[in-house]
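Right, one structure below, let's go through it.
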Amino acid sequence: MSWFVRKEKGINTPTEMKREAPDGLWYQCPNCKKIMHTREHKLNAYTCAHCNYHDKVGSEAYFELLFDHNEFIELDPELRSGDPLRFIDTKPYPDRIRSTMLKTGLKDAVRAAHGKMNDLDIVVACMDFNFIGGSMGSVVGEKIARAIDHSLAHRQPFLMISRSGGARMMEAGLSLMQMAKTSAKLALLSEAKVPYISLLTDPTTGGVTASYAMLGDFNISEPQALIGFAGPRVIRETIGKDLPKGFQSAEFVLEHGFLDFIVDRKELKDKLTSLLTMLR
Amino acid sequence: MRTYLDFEKPIAELESKLAEMKRLAEDNKVDVSAATSSLESSIERLRKEIFENLTRWQRVQLSRHPDRPYTLDYIQLMCDEFIELHGDRQVRDDPAMIGGFARIGDQSMMIIGQQKGRNTKQRQHRNFGMPNPEGYRKALRLMKIAEKFNKPIVTLIDTPGAFPGLEAEERGQGEAIARNLKEMFMLKVPVICIVIGEGASGGALGIAIGDRVLMLENTWYSVISPESCSSILWRSWDYKEEAAEALKLTATDMKENRLVDGIIPEPLGGAHLDHEAMSIIIKRVITETLRDLSTLSPEQRIDQRIEKFCAMGVVIE
């Protein structure tokens, strides 16, 4: 004998009606699983109020976080990938690009802009991981190169925010050479003594680590970010045993001497401002 | 005993037939020279036919041929003198990356390259040609020495990749490669880079920023090996041939896409069949290229080097 008796038969509630609150109002931290209001999460610079987990956000969030009043001028926003190698794996590369564009509303895995940060002029290039794993192809390389050109021409400090799985395989050799191209531009920026800050966020691996991400006058990171050249899976397979806890975390990389400091995202803007002010 | 690759099997069969014929002729004291010479010429014809129609995967196989000359073989065959220099002055000496001052005729130069091993023991010692960070730092140290004494630099690239190990990460594999890229653009002396075998990704690029980047005919150079590409994009190791096709990783492909400056032809059948002939060709290319590059000022070379790499990539405006 059940406690409740269904009087009407055939009541069907559509799935979207079954939710208690409208979609997007609550954020569940993937780390501690606790719930926060999305507005509070955003005000907290997309970090968890409970465990300080830094959510994997993209260029839109970082630009809003860093540029005063979210005002900036985007550099080369229309640059798009070609398909010079006519690359086909499980599907043709142009199809992959097109569907990712539709899904993300982005043109490629990096956006660059210049504007004011606490009244200081700055050029920021920021990677978007949700565009094919933040992979570096010709567009990423070219946009970063042109952003550095802008830095050089106007003598404005350059901030690179990396979040990438590495090179974009579908551009093969062309992708590899973006490592060279961006490093060449950074060599020029360095000669001109214009400051370059590289912020490595979770995750930064492969060809991105082995080029612009590690070439900052200042290499900085966010708490717990995964930073490495080879991915953890590859290393595990190479050495044939499990990796020590915390291996390739920002804290580990700091301890081994390859980062200047780790900064909480809530303090990022002010700390960058202090540092750049001291260089003036 | 020669090693034959799977697609060389028809050649192997004819060659063993030829050997057999010669042996029988010797034992029985009969003249079979007409027969052997006709067999020899058909072997040549067959080899030519096979090598004119190599697939991309077959080129990858050739680039890894166990009899292929390695960096130290070329140095020994090309140079009148060589003094190997060791160590990065920080951690240790990396046997997977070798270098030193060499003399060809009256031209001295710094030669640097990844080194593979010929047998199991050597292969382990050389870590299969996969350098650790100290290898890249040693390479950079030697390049700076060359620059200091105004000597040109030649790098020989042959690596399945930078080593993906625990200590390599601890000691900053990414940083070591990144620094080399940046520093090599600013070297005041001529830099020639030659892919002599495998050119795998950042591990290759870490010593491959030069005024001229050249590839031997049967080598590959790309962002990832066909096997790893297959495992990531197809989620299986079985699509290496398709991956090799898709990656466009041969010398011809790379030249077509303007990612390298030139192709150095190999003796018919591959460099492994005639180490000396291959060395003579490379030696001539180095000498001629150095002559060309010496007509430019250091500033011109640096500008052109930067411009060349900055033009690489295809985007839609």
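FYI, nothing fancy with the structure tokens labels: chains A, B, ... in order, residues from 1 per chain, ligands from 1 as they appear.
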
Closest-contact table, segment 147-215 of chain B side, partner segment 238-249 of chain B, 12 Å, counting only C-alpha atoms, as a tab-separated table:
```
residue	atom	partner	partner_atom	distance
B:Val195	CA	B:Leu249	CA	11.9
B:Glu198	CA	B:Leu249	CA	10.2
B:Gly199	CA	B:Leu249	CA	9.2
B:Ala200	CA	B:Leu249	CA	9.9
B:Ser201	CA	B:Leu249	CA	10.9
B:Met215	CA	B:Leu249	CA	10.8
```

How would the residues just chosen look if you wrote them out with N, CA, C and O atoms as a PDB file, in the first residue's frame?
```pdb
ATOM      1  N   VAL B 195      67.807  18.081 -40.850  1.00  0.00           N
ATOM      2  CA  VAL B 195      67.113  16.918 -40.296  1.00  0.00           C
ATOM      3  C   VAL B 195      67.693  15.686 -40.987  1.00  0.00           C
ATOM      4  O   VAL B 195      67.543  15.511 -42.189  1.00  0.00           O
ATOM      5  N   GLU B 198      64.818  11.528 -37.714  1.00  0.00           N
ATOM      6  CA  GLU B 198      63.498  11.902 -37.219  1.00  0.00           C
ATOM      7  C   GLU B 198      63.502  13.328 -36.679  1.00  0.00           C
ATOM      8  O   GLU B 198      64.381  13.708 -35.915  1.00  0.00           O
ATOM      9  N   GLY B 199      62.491  14.082 -37.048  1.00  0.00           N
ATOM     10  CA  GLY B 199      62.346  15.441 -36.532  1.00  0.00           C
ATOM     11  C   GLY B 199      61.039  15.547 -35.778  1.00  0.00           C
ATOM     12  O   GLY B 199      60.043  16.031 -36.297  1.00  0.00           O
ATOM     13  N   ALA B 200      61.048  15.075 -34.530  1.00  0.00           N
ATOM     14  CA  ALA B 200      59.789  15.010 -33.782  1.00  0.00           C
ATOM     15  C   ALA B 200      59.596  16.227 -32.897  1.00  0.00           C
ATOM     16  O   ALA B 200      60.250  16.397 -31.876  1.00  0.00           O
ATOM     17  N   SER B 201      58.715  17.061 -33.337  1.00  0.00           N
ATOM     18  CA  SER B 201      58.119  18.109 -32.512  1.00  0.00           C
ATOM     19  C   SER B 201      59.121  19.045 -31.818  1.00  0.00           C
ATOM     20  O   SER B 201      60.192  19.322 -32.356  1.00  0.00           O
ATOM     21  N   MET B 215      66.229  19.273 -45.033  1.00  0.00           N
ATOM     22  CA  MET B 215      65.862  17.903 -44.656  1.00  0.00           C
ATOM     23  C   MET B 215      66.467  16.926 -45.650  1.00  0.00           C
ATOM     24  O   MET B 215      66.423  17.157 -46.858  1.00  0.00           O
TER      25      MET B 215
END
```

Spatial neighbours of segment 207-221 of chain A, 7 Å, only C-alpha atoms, chain gap at least 3 places, as a VMD selection string: (chain A and resid 162 164 166 to 167 179 182 to 183 195 to 201 204 225 228 to 229 250 259 to 263) or (chain B and resid 174 to 175 177 to 179 202)

Report as an MDAnalysis selection string: the residues of segment 3-97 of chain A with a DSSP assignment of helix (DSSP H, G or I), based on the backbone of this structure. chainID A and resid 15:17 38:43 59:66 68:70 93:97

If you keep N, CA and C atoms, can you produce a file of those selected residues as a PDB file, in the first residue's frame?
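Output below, filename out-v7.pdb:
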```pdb
ATOM      1  N   THR A  15      11.759  17.105 -19.118  1.00  0.00           N
ATOM      2  CA  THR A  15      12.965  17.111 -18.294  1.00  0.00           C
ATOM      3  C   THR A  15      13.331  18.513 -17.804  1.00  0.00           C
ATOM      4  N   GLU A  16      13.226  19.505 -18.707  1.00  0.00           N
ATOM      5  CA  GLU A  16      13.681  20.842 -18.296  1.00  0.00           C
ATOM      6  C   GLU A  16      12.778  21.455 -17.214  1.00  0.00           C
ATOM      7  N   MET A  17      11.537  20.947 -17.097  1.00  0.00           N
ATOM      8  CA  MET A  17      10.625  21.462 -16.068  1.00  0.00           C
ATOM      9  C   MET A  17      10.923  20.847 -14.706  1.00  0.00           C
ATOM     10  N   THR A  38      25.776  31.540  -8.967  1.00  0.00           N
ATOM     11  CA  THR A  38      26.694  31.899 -10.061  1.00  0.00           C
ATOM     12  C   THR A  38      27.157  33.350  -9.955  1.00  0.00           C
ATOM     13  N   ARG A  39      26.287  34.222  -9.428  1.00  0.00           N
ATOM     14  CA  ARG A  39      26.670  35.627  -9.297  1.00  0.00           C
ATOM     15  C   ARG A  39      27.824  35.768  -8.288  1.00  0.00           C
ATOM     16  N   GLU A  40      27.690  35.022  -7.194  1.00  0.00           N
ATOM     17  CA  GLU A  40      28.734  35.037  -6.165  1.00  0.00           C
ATOM     18  C   GLU A  40      30.040  34.461  -6.727  1.00  0.00           C
ATOM     19  N   HIS A  41      29.897  33.395  -7.531  1.00  0.00           N
ATOM     20  CA  HIS A  41      31.054  32.751  -8.146  1.00  0.00           C
ATOM     21  C   HIS A  41      31.781  33.732  -9.068  1.00  0.00           C
ATOM     22  N   LYS A  42      31.006  34.477  -9.827  1.00  0.00           N
ATOM     23  CA  LYS A  42      31.596  35.456 -10.736  1.00  0.00           C
ATOM     24  C   LYS A  42      32.286  36.580  -9.961  1.00  0.00           C
ATOM     25  N   LEU A  43      31.619  37.056  -8.913  1.00  0.00           N
ATOM     26  CA  LEU A  43      32.205  38.120  -8.080  1.00  0.00           C
ATOM     27  C   LEU A  43      33.492  37.652  -7.422  1.00  0.00           C
ATOM     28  N   SER A  59      38.816  33.721 -22.233  1.00  0.00           N
ATOM     29  CA  SER A  59      39.191  35.109 -22.511  1.00  0.00           C
ATOM     30  C   SER A  59      38.127  36.121 -22.039  1.00  0.00           C
ATOM     31  N   GLU A  60      36.858  35.758 -22.203  1.00  0.00           N
ATOM     32  CA  GLU A  60      35.801  36.703 -21.822  1.00  0.00           C
ATOM     33  C   GLU A  60      35.923  37.069 -20.345  1.00  0.00           C
ATOM     34  N   ALA A  61      36.099  36.048 -19.510  1.00  0.00           N
ATOM     35  CA  ALA A  61      36.191  36.272 -18.070  1.00  0.00           C
ATOM     36  C   ALA A  61      37.461  37.042 -17.699  1.00  0.00           C
ATOM     37  N   TYR A  62      38.584  36.664 -18.290  1.00  0.00           N
ATOM     38  CA  TYR A  62      39.843  37.340 -17.946  1.00  0.00           C
ATOM     39  C   TYR A  62      39.843  38.800 -18.407  1.00  0.00           C
ATOM     40  N   PHE A  63      39.292  39.040 -19.596  1.00  0.00           N
ATOM     41  CA  PHE A  63      39.240  40.429 -20.069  1.00  0.00           C
ATOM     42  C   PHE A  63      38.401  41.279 -19.108  1.00  0.00           C
ATOM     43  N   GLU A  64      37.273  40.727 -18.691  1.00  0.00           N
ATOM     44  CA  GLU A  64      36.402  41.459 -17.779  1.00  0.00           C
ATOM     45  C   GLU A  64      37.090  41.682 -16.437  1.00  0.00           C
ATOM     46  N   LEU A  65      37.856  40.684 -16.032  1.00  0.00           N
ATOM     47  CA  LEU A  65      38.560  40.745 -14.749  1.00  0.00           C
ATOM     48  C   LEU A  65      39.674  41.792 -14.766  1.00  0.00           C
ATOM     49  N   LEU A  66      40.349  41.918 -15.917  1.00  0.00           N
ATOM     50  CA  LEU A  66      41.575  42.726 -15.957  1.00  0.00           C
ATOM     51  C   LEU A  66      41.381  44.138 -16.516  1.00  0.00           C
ATOM     52  N   ASP A  68      39.862  47.712 -17.147  1.00  0.00           N
ATOM     53  CA  ASP A  68      38.992  48.629 -16.405  1.00  0.00           C
ATOM     54  C   ASP A  68      37.648  48.759 -17.118  1.00  0.00           C
ATOM     55  N   HIS A  69      36.583  48.636 -16.376  1.00  0.00           N
ATOM     56  CA  HIS A  69      35.193  48.744 -16.882  1.00  0.00           C
ATOM     57  C   HIS A  69      34.938  47.811 -18.065  1.00  0.00           C
ATOM     58  N   ASN A  70      35.719  46.729 -18.132  1.00  0.00           N
ATOM     59  CA  ASN A  70      35.593  45.775 -19.244  1.00  0.00           C
ATOM     60  C   ASN A  70      35.701  46.460 -20.613  1.00  0.00           C
ATOM     61  N   TYR A  93      39.113  18.592 -40.946  1.00  0.00           N
ATOM     62  CA  TYR A  93      39.464  19.694 -40.053  1.00  0.00           C
ATOM     63  C   TYR A  93      38.511  20.892 -40.167  1.00  0.00           C
ATOM     64  N   PRO A  94      38.141  21.328 -41.380  1.00  0.00           N
ATOM     65  CA  PRO A  94      37.225  22.477 -41.470  1.00  0.00           C
ATOM     66  C   PRO A  94      35.880  22.214 -40.773  1.00  0.00           C
ATOM     67  N   ASP A  95      35.410  20.959 -40.810  1.00  0.00           N
ATOM     68  CA  ASP A  95      34.154  20.626 -40.114  1.00  0.00           C
ATOM     69  C   ASP A  95      34.326  20.771 -38.612  1.00  0.00           C
ATOM     70  N   ARG A  96      35.481  20.325 -38.136  1.00  0.00           N
ATOM     71  CA  ARG A  96      35.773  20.421 -36.712  1.00  0.00           C
ATOM     72  C   ARG A  96      35.796  21.894 -36.286  1.00  0.00           C
ATOM     73  N   ILE A  97      36.457  22.712 -37.102  1.00  0.00           N
ATOM     74  CA  ILE A  97      36.544  24.149 -36.806  1.00  0.00           C
ATOM     75  C   ILE A  97      35.140  24.760 -36.784  1.00  0.00           C
TER      76      ILE A  97
END
```

Enumerate as a VMD selection string the residues belonging to chain B that approach chain A to within 7 Å, with only C-alpha atoms taken into account. chain B and resid 164 to 166 169 to 170 172 to 175 177 to 179 181 to 182 185 201 to 202 222 to 223 233 to 234 246 to 247 306 309 to 310 312 to 317

Produce a file of the selected residues containing N, CA, C and O atoms, as a compact mmCIF listing (two decimals), in the first residue's frame.
```txt
# COMPACT_ATOMS: atom_id res chain seq x y z
N PRO B 164 60.10 12.44 -22.31
CA PRO B 164 58.97 12.75 -21.43
C PRO B 164 59.10 12.05 -20.09
O PRO B 164 58.30 11.19 -19.76
N GLY B 165 60.08 12.40 -19.31
CA GLY B 165 60.32 11.71 -18.04
C GLY B 165 60.08 12.59 -16.84
O GLY B 165 59.87 13.80 -16.95
N LEU B 166 60.13 11.95 -15.68
CA LEU B 166 59.88 12.64 -14.41
C LEU B 166 60.91 13.73 -14.15
O LEU B 166 60.58 14.89 -13.90
N GLU B 169 60.80 16.75 -16.42
CA GLU B 169 59.79 17.74 -16.04
C GLU B 169 60.30 18.58 -14.86
O GLU B 169 60.15 19.79 -14.85
N GLU B 170 60.91 17.90 -13.89
CA GLU B 170 61.43 18.61 -12.72
C GLU B 170 62.45 19.66 -13.10
O GLU B 170 62.53 20.72 -12.52
N GLY B 172 62.60 21.16 -15.98
CA GLY B 172 62.06 22.17 -16.90
C GLY B 172 62.32 21.92 -18.37
O GLY B 172 62.91 22.74 -19.06
N GLN B 173 61.83 20.78 -18.86
CA GLN B 173 61.99 20.45 -20.28
C GLN B 173 61.40 21.56 -21.17
O GLN B 173 62.02 21.99 -22.13
N GLY B 174 60.21 22.01 -20.81
CA GLY B 174 59.56 23.06 -21.60
C GLY B 174 60.38 24.34 -21.63
O GLY B 174 60.59 24.95 -22.68
N GLU B 175 60.87 24.74 -20.48
CA GLU B 175 61.64 25.97 -20.39
C GLU B 175 62.93 25.87 -21.20
O GLU B 175 63.33 26.82 -21.87
N ILE B 177 63.61 24.05 -23.88
CA ILE B 177 63.35 24.14 -25.33
C ILE B 177 62.96 25.57 -25.70
O ILE B 177 63.48 26.15 -26.65
N ALA B 178 62.05 26.15 -24.91
CA ALA B 178 61.58 27.51 -25.18
C ALA B 178 62.75 28.49 -25.25
O ALA B 178 62.85 29.31 -26.16
N ARG B 179 63.66 28.38 -24.29
CA ARG B 179 64.80 29.29 -24.26
C ARG B 179 65.66 29.16 -25.51
O ARG B 179 66.10 30.15 -26.09
N LEU B 181 64.70 28.25 -28.49
CA LEU B 181 64.03 28.87 -29.64
C LEU B 181 64.33 30.36 -29.65
O LEU B 181 64.72 30.94 -30.66
N LYS B 182 64.11 30.98 -28.49
CA LYS B 182 64.28 32.44 -28.40
C LYS B 182 65.73 32.84 -28.66
O LYS B 182 65.99 33.76 -29.43
N PHE B 185 67.23 32.62 -32.35
CA PHE B 185 66.89 33.68 -33.29
C PHE B 185 67.89 34.83 -33.25
O PHE B 185 68.06 35.54 -34.23
N SER B 201 58.71 17.06 -33.34
CA SER B 201 58.12 18.11 -32.51
C SER B 201 59.12 19.05 -31.82
O SER B 201 60.19 19.32 -32.36
N GLY B 202 58.76 19.52 -30.65
CA GLY B 202 59.57 20.49 -29.91
C GLY B 202 60.98 19.98 -29.63
O GLY B 202 61.92 20.76 -29.59
N SER B 222 57.69 16.87 -37.99
CA SER B 222 56.33 17.34 -37.73
C SER B 222 56.11 17.57 -36.24
O SER B 222 57.04 17.44 -35.43
N VAL B 223 54.87 17.86 -35.92
CA VAL B 223 54.53 18.25 -34.56
C VAL B 223 54.36 17.03 -33.65
O VAL B 223 54.38 17.13 -32.44
N LEU B 233 44.19 10.98 -32.15
CA LEU B 233 43.05 11.36 -33.00
C LEU B 233 42.15 10.18 -33.36
O LEU B 233 40.95 10.34 -33.53
N TRP B 234 42.74 8.99 -33.50
CA TRP B 234 41.92 7.83 -33.87
C TRP B 234 41.66 6.94 -32.64
O TRP B 234 40.99 5.94 -32.75
N ALA B 246 48.20 12.16 -43.34
CA ALA B 246 47.51 13.38 -42.93
C ALA B 246 48.48 14.46 -42.46
O ALA B 246 48.28 15.65 -42.70
N LEU B 247 49.57 14.03 -41.79
CA LEU B 247 50.49 15.01 -41.19
C LEU B 247 51.37 15.72 -42.22
O LEU B 247 51.99 16.74 -41.90
N ILE B 306 64.25 35.66 -38.57
CA ILE B 306 62.99 35.98 -37.89
C ILE B 306 61.85 36.10 -38.89
O ILE B 306 60.77 35.53 -38.71
N PHE B 309 60.57 32.60 -40.24
CA PHE B 309 59.71 31.82 -39.34
C PHE B 309 58.39 32.54 -39.06
O PHE B 309 57.36 31.89 -38.85
N CYS B 310 58.42 33.87 -39.07
CA CYS B 310 57.18 34.61 -38.79
C CYS B 310 56.19 34.52 -39.95
O CYS B 310 55.00 34.77 -39.78
N MET B 312 55.49 31.74 -41.41
CA MET B 312 54.94 30.38 -41.45
C MET B 312 53.56 30.32 -40.80
O MET B 312 53.34 30.91 -39.74
N GLY B 313 52.67 29.61 -41.45
CA GLY B 313 51.30 29.50 -40.94
C GLY B 313 50.33 29.99 -42.00
O GLY B 313 50.69 30.78 -42.85
N VAL B 314 49.11 29.47 -41.94
CA VAL B 314 48.08 29.86 -42.91
C VAL B 314 46.84 30.30 -42.14
O VAL B 314 46.29 29.54 -41.35
N VAL B 315 46.45 31.57 -42.34
CA VAL B 315 45.25 32.07 -41.67
C VAL B 315 44.35 32.75 -42.70
O VAL B 315 44.80 33.16 -43.77
N ILE B 316 43.08 32.85 -42.37
CA ILE B 316 42.13 33.58 -43.21
C ILE B 316 41.83 34.89 -42.50
O ILE B 316 41.44 34.90 -41.33
N GLU B 317 42.07 36.01 -43.21
CA GLU B 317 41.88 37.33 -42.58
C GLU B 317 40.39 37.65 -42.46
O GLU B 317 39.62 37.38 -43.35
```

Quick one: residues within 9 Å of Lys138 of chain B, only C-alpha atoms counted, chain neighbours fewer than 6 positions away excluded, as a tab-separated table (two decimals) with all heavy atoms, in the first residue's frame?
```
chain	number	residue	atom	x	y	z
B	86	HIS	N	81.53	18.55	-23.62
B	86	HIS	CA	80.49	17.93	-22.81
B	86	HIS	C	79.88	18.87	-21.77
B	86	HIS	O	80.52	19.81	-21.32
B	86	HIS	CB	81.06	16.71	-22.06
B	86	HIS	CG	81.47	15.59	-22.97
B	86	HIS	ND1	80.60	14.62	-23.38
B	86	HIS	CD2	82.65	15.30	-23.56
B	86	HIS	CE1	81.23	13.76	-24.16
B	86	HIS	NE2	82.48	14.16	-24.30
B	87	GLY	N	78.66	18.55	-21.37
B	87	GLY	CA	78.08	19.11	-20.16
B	87	GLY	C	77.34	20.43	-20.33
B	87	GLY	O	77.63	21.21	-21.22
B	88	ASP	N	76.35	20.64	-19.45
B	88	ASP	CA	75.59	21.88	-19.49
B	88	ASP	C	76.06	22.84	-18.40
B	88	ASP	O	75.50	23.92	-18.25
B	88	ASP	CB	74.09	21.61	-19.38
B	88	ASP	CG	73.67	21.13	-17.99
B	88	ASP	OD1	74.54	20.63	-17.25
B	88	ASP	OD2	72.49	21.26	-17.65
B	89	ARG	N	77.05	22.43	-17.61
B	89	ARG	CA	77.59	23.25	-16.52
B	89	ARG	C	76.61	23.46	-15.37
B	89	ARG	O	76.80	24.31	-14.55
B	89	ARG	CB	78.04	24.64	-17.02
B	89	ARG	CG	79.16	24.60	-18.03
B	89	ARG	CD	80.45	24.06	-17.43
B	89	ARG	NE	81.55	24.16	-18.37
B	89	ARG	CZ	81.85	23.19	-19.25
B	89	ARG	NH1	81.15	22.06	-19.26
B	89	ARG	NH2	82.86	23.34	-20.07
B	93	ASP	N	76.09	15.78	-18.05
B	93	ASP	CA	76.25	15.69	-19.50
B	93	ASP	C	75.15	14.80	-20.04
B	93	ASP	O	74.89	13.73	-19.50
B	93	ASP	CB	77.62	15.12	-19.85
B	93	ASP	CG	77.84	15.11	-21.35
B	93	ASP	OD1	77.61	16.16	-21.98
B	93	ASP	OD2	78.24	14.06	-21.89
B	94	ASP	N	74.49	15.24	-21.10
B	94	ASP	CA	73.41	14.45	-21.69
B	94	ASP	C	73.93	13.73	-22.94
B	94	ASP	O	74.20	14.36	-23.96
B	94	ASP	CB	72.25	15.38	-22.07
B	94	ASP	CG	71.03	14.61	-22.52
B	94	ASP	OD1	71.15	13.39	-22.79
B	94	ASP	OD2	69.94	15.21	-22.59
B	97	MET	N	72.46	14.27	-26.56
B	97	MET	CA	72.76	15.47	-27.35
B	97	MET	C	74.27	15.65	-27.33
B	97	MET	O	74.86	15.75	-26.27
B	97	MET	CB	72.08	16.69	-26.71
B	97	MET	CG	72.29	17.99	-27.46
B	97	MET	SD	71.20	18.19	-28.87
B	97	MET	CE	69.69	18.73	-28.08
B	98	ILE	N	74.87	15.63	-28.52
B	98	ILE	CA	76.33	15.75	-28.54
B	98	ILE	C	76.72	17.03	-29.30
B	98	ILE	O	75.92	17.60	-30.03
B	98	ILE	CB	77.01	14.52	-29.18
B	98	ILE	CG1	76.62	14.39	-30.64
B	98	ILE	CG2	76.66	13.25	-28.43
B	98	ILE	CD1	77.70	14.79	-31.58
B	99	GLY	N	77.93	17.46	-29.08
B	99	GLY	CA	78.39	18.65	-29.79
B	99	GLY	C	79.86	18.89	-29.61
B	99	GLY	O	80.50	18.30	-28.72
```

Enter the distance from atom CA of Gln300 of chain B to atom CA of Met78 of chain B, in Å, rounded to one decimal.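 It comes out at 28.7 Å.
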
Report, in Å to a single decimal, how far apart atom CA of Gly134 of chain A and atom CA of Asp55 of chain A are.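 Interatomic distance, atom CA of Asp55 of chain A to atom CA of Gly134 of chain A: 15.3 Å.
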
Atom CA of Ala153 of chain A sits from atom CA of Leu276 of chain A at a separation of 18.0 Å

Considering only C-alpha atoms, return as a list in words whatever protein or nucleic-acid residues lie within 12 Å of Glu81 of chain B, sequence-local ones (same chain, fewer than 5 positions apart) excluded. Ile75, Gln76, Gly100, Phe101, Ala102, Arg103, Ile104, Gly105, Asp106, Gln107, Ser108, Met109, Met110 and Ile111 of chain B

Could you dump the residues just selected with N, CA and C atoms as an mmCIF file, in the first residue's frame?
```cif
data_model
loop_
_atom_site.group_PDB
_atom_site.id
_atom_site.type_symbol
_atom_site.label_atom_id
_atom_site.label_comp_id
_atom_site.auth_asym_id
_atom_site.auth_seq_id
_atom_site.Cartn_x
_atom_site.Cartn_y
_atom_site.Cartn_z
ATOM 1 N N ILE B 75 79.776 13.167 -38.472
ATOM 2 C CA ILE B 75 80.913 13.975 -38.029
ATOM 3 C C ILE B 75 82.223 13.265 -38.382
ATOM 4 N N GLN B 76 82.258 11.970 -38.100
ATOM 5 C CA GLN B 76 83.468 11.201 -38.367
ATOM 6 C C GLN B 76 83.801 11.166 -39.857
ATOM 7 N N GLY B 100 80.402 19.723 -30.478
ATOM 8 C CA GLY B 100 81.811 20.056 -30.355
ATOM 9 C C GLY B 100 82.303 20.851 -31.544
ATOM 10 N N PHE B 101 83.543 21.314 -31.432
ATOM 11 C CA PHE B 101 84.144 22.045 -32.546
ATOM 12 C C PHE B 101 84.662 21.060 -33.587
ATOM 13 N N ALA B 102 84.385 21.382 -34.847
ATOM 14 C CA ALA B 102 84.793 20.511 -35.933
ATOM 15 C C ALA B 102 85.487 21.345 -37.000
ATOM 16 N N ARG B 103 86.308 20.668 -37.782
ATOM 17 C CA ARG B 103 86.951 21.357 -38.894
ATOM 18 C C ARG B 103 86.715 20.580 -40.185
ATOM 19 N N ILE B 104 86.222 21.324 -41.191
ATOM 20 C CA ILE B 104 86.093 20.745 -42.538
ATOM 21 C C ILE B 104 86.970 21.604 -43.431
ATOM 22 N N GLY B 105 88.052 21.044 -43.938
ATOM 23 C CA GLY B 105 89.007 21.841 -44.709
ATOM 24 C C GLY B 105 89.567 22.935 -43.810
ATOM 25 N N ASP B 106 89.471 24.195 -44.260
ATOM 26 C CA ASP B 106 89.984 25.237 -43.381
ATOM 27 C C ASP B 106 88.858 25.987 -42.666
ATOM 28 N N GLN B 107 87.674 25.421 -42.694
ATOM 29 C CA GLN B 107 86.545 26.057 -42.000
ATOM 30 C C GLN B 107 86.256 25.319 -40.687
ATOM 31 N N SER B 108 86.365 26.032 -39.567
ATOM 32 C CA SER B 108 85.957 25.398 -38.319
ATOM 33 C C SER B 108 84.545 25.835 -37.971
ATOM 34 N N MET B 109 83.848 24.977 -37.263
ATOM 35 C CA MET B 109 82.434 25.229 -36.950
ATOM 36 C C MET B 109 82.029 24.436 -35.718
ATOM 37 N N MET B 110 80.891 24.807 -35.158
ATOM 38 C CA MET B 110 80.330 24.026 -34.055
ATOM 39 C C MET B 110 79.288 23.090 -34.648
ATOM 40 N N ILE B 111 79.411 21.805 -34.356
ATOM 41 C CA ILE B 111 78.375 20.857 -34.795
ATOM 42 C C ILE B 111 77.668 20.295 -33.560
#
```

Members of segment 193-244 of chain B assigned strand (DSSP E) by DSSP, as a list in words: Cys193, Ile194, Val195, Ile196, Gly197, Glu198, Gly199, Ala200, Arg212, Val213, Leu214, Met215, Leu216, Trp220, Tyr221 and Ser222 of chain B

Selection above as a file: C-alpha atoms, as a PDB file, in the first residue's frame:
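Output file again.pdb follows:
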```pdb
ATOM      1  CA  CYS B 193      69.965  22.949 -39.407  1.00  0.00           C
ATOM      2  CA  ILE B 194      69.700  19.572 -41.120  1.00  0.00           C
ATOM      3  CA  VAL B 195      67.113  16.918 -40.296  1.00  0.00           C
ATOM      4  CA  ILE B 196      69.068  13.672 -40.808  1.00  0.00           C
ATOM      5  CA  GLY B 197      66.471  11.228 -39.426  1.00  0.00           C
ATOM      6  CA  GLU B 198      63.498  11.902 -37.219  1.00  0.00           C
ATOM      7  CA  GLY B 199      62.346  15.441 -36.532  1.00  0.00           C
ATOM      8  CA  ALA B 200      59.789  15.010 -33.782  1.00  0.00           C
ATOM      9  CA  ARG B 212      68.735  27.409 -43.548  1.00  0.00           C
ATOM     10  CA  VAL B 213      66.664  24.452 -42.397  1.00  0.00           C
ATOM     11  CA  LEU B 214      67.197  21.451 -44.645  1.00  0.00           C
ATOM     12  CA  MET B 215      65.862  17.903 -44.656  1.00  0.00           C
ATOM     13  CA  LEU B 216      67.414  14.751 -46.050  1.00  0.00           C
ATOM     14  CA  TRP B 220      60.245  13.344 -41.400  1.00  0.00           C
ATOM     15  CA  TYR B 221      59.615  16.511 -39.431  1.00  0.00           C
ATOM     16  CA  SER B 222      56.326  17.337 -37.727  1.00  0.00           C
TER      17      SER B 222
END
```

Find, counting only C-alpha atoms, the residue in B:Gly203, B:Gly210, B:Pro66, B:Pro226 that gets nearest to Gly129 of chain B. B:Gly203

Hey, what's within 12 Å of Asp6 of chain B if we count only C-alpha atoms and toss same-chain stuff fewer than 2 positions away? As a PyMOL selection string, please? chain B and resi 3-4+8-13+50+57-58+61-62+65

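Distances here use only C-alpha atoms; by that measure, the residue among B:Ile83, B:Ile43, B:Val191, B:Met186 closest to Thr155 of chain B is B:Val191.
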
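Excluding Glu267 of chain A and any residue on its chain fewer than 6 positions from it, the residues at most 12 Å away by only C-alpha atoms are Asn44, Ala45, Thr47, Leu65, Leu66, Glu222, Pro223, Thr273 and Ser274 of chain A.
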
If we count only C-alpha atoms, what is near segment 143-145 of chain B at a cut-off of 9 Å, once residues fewer than 6 positions away on the same chain are taken out, given as a ChimeraX atom specification? /B:110-112,151-153,184,187
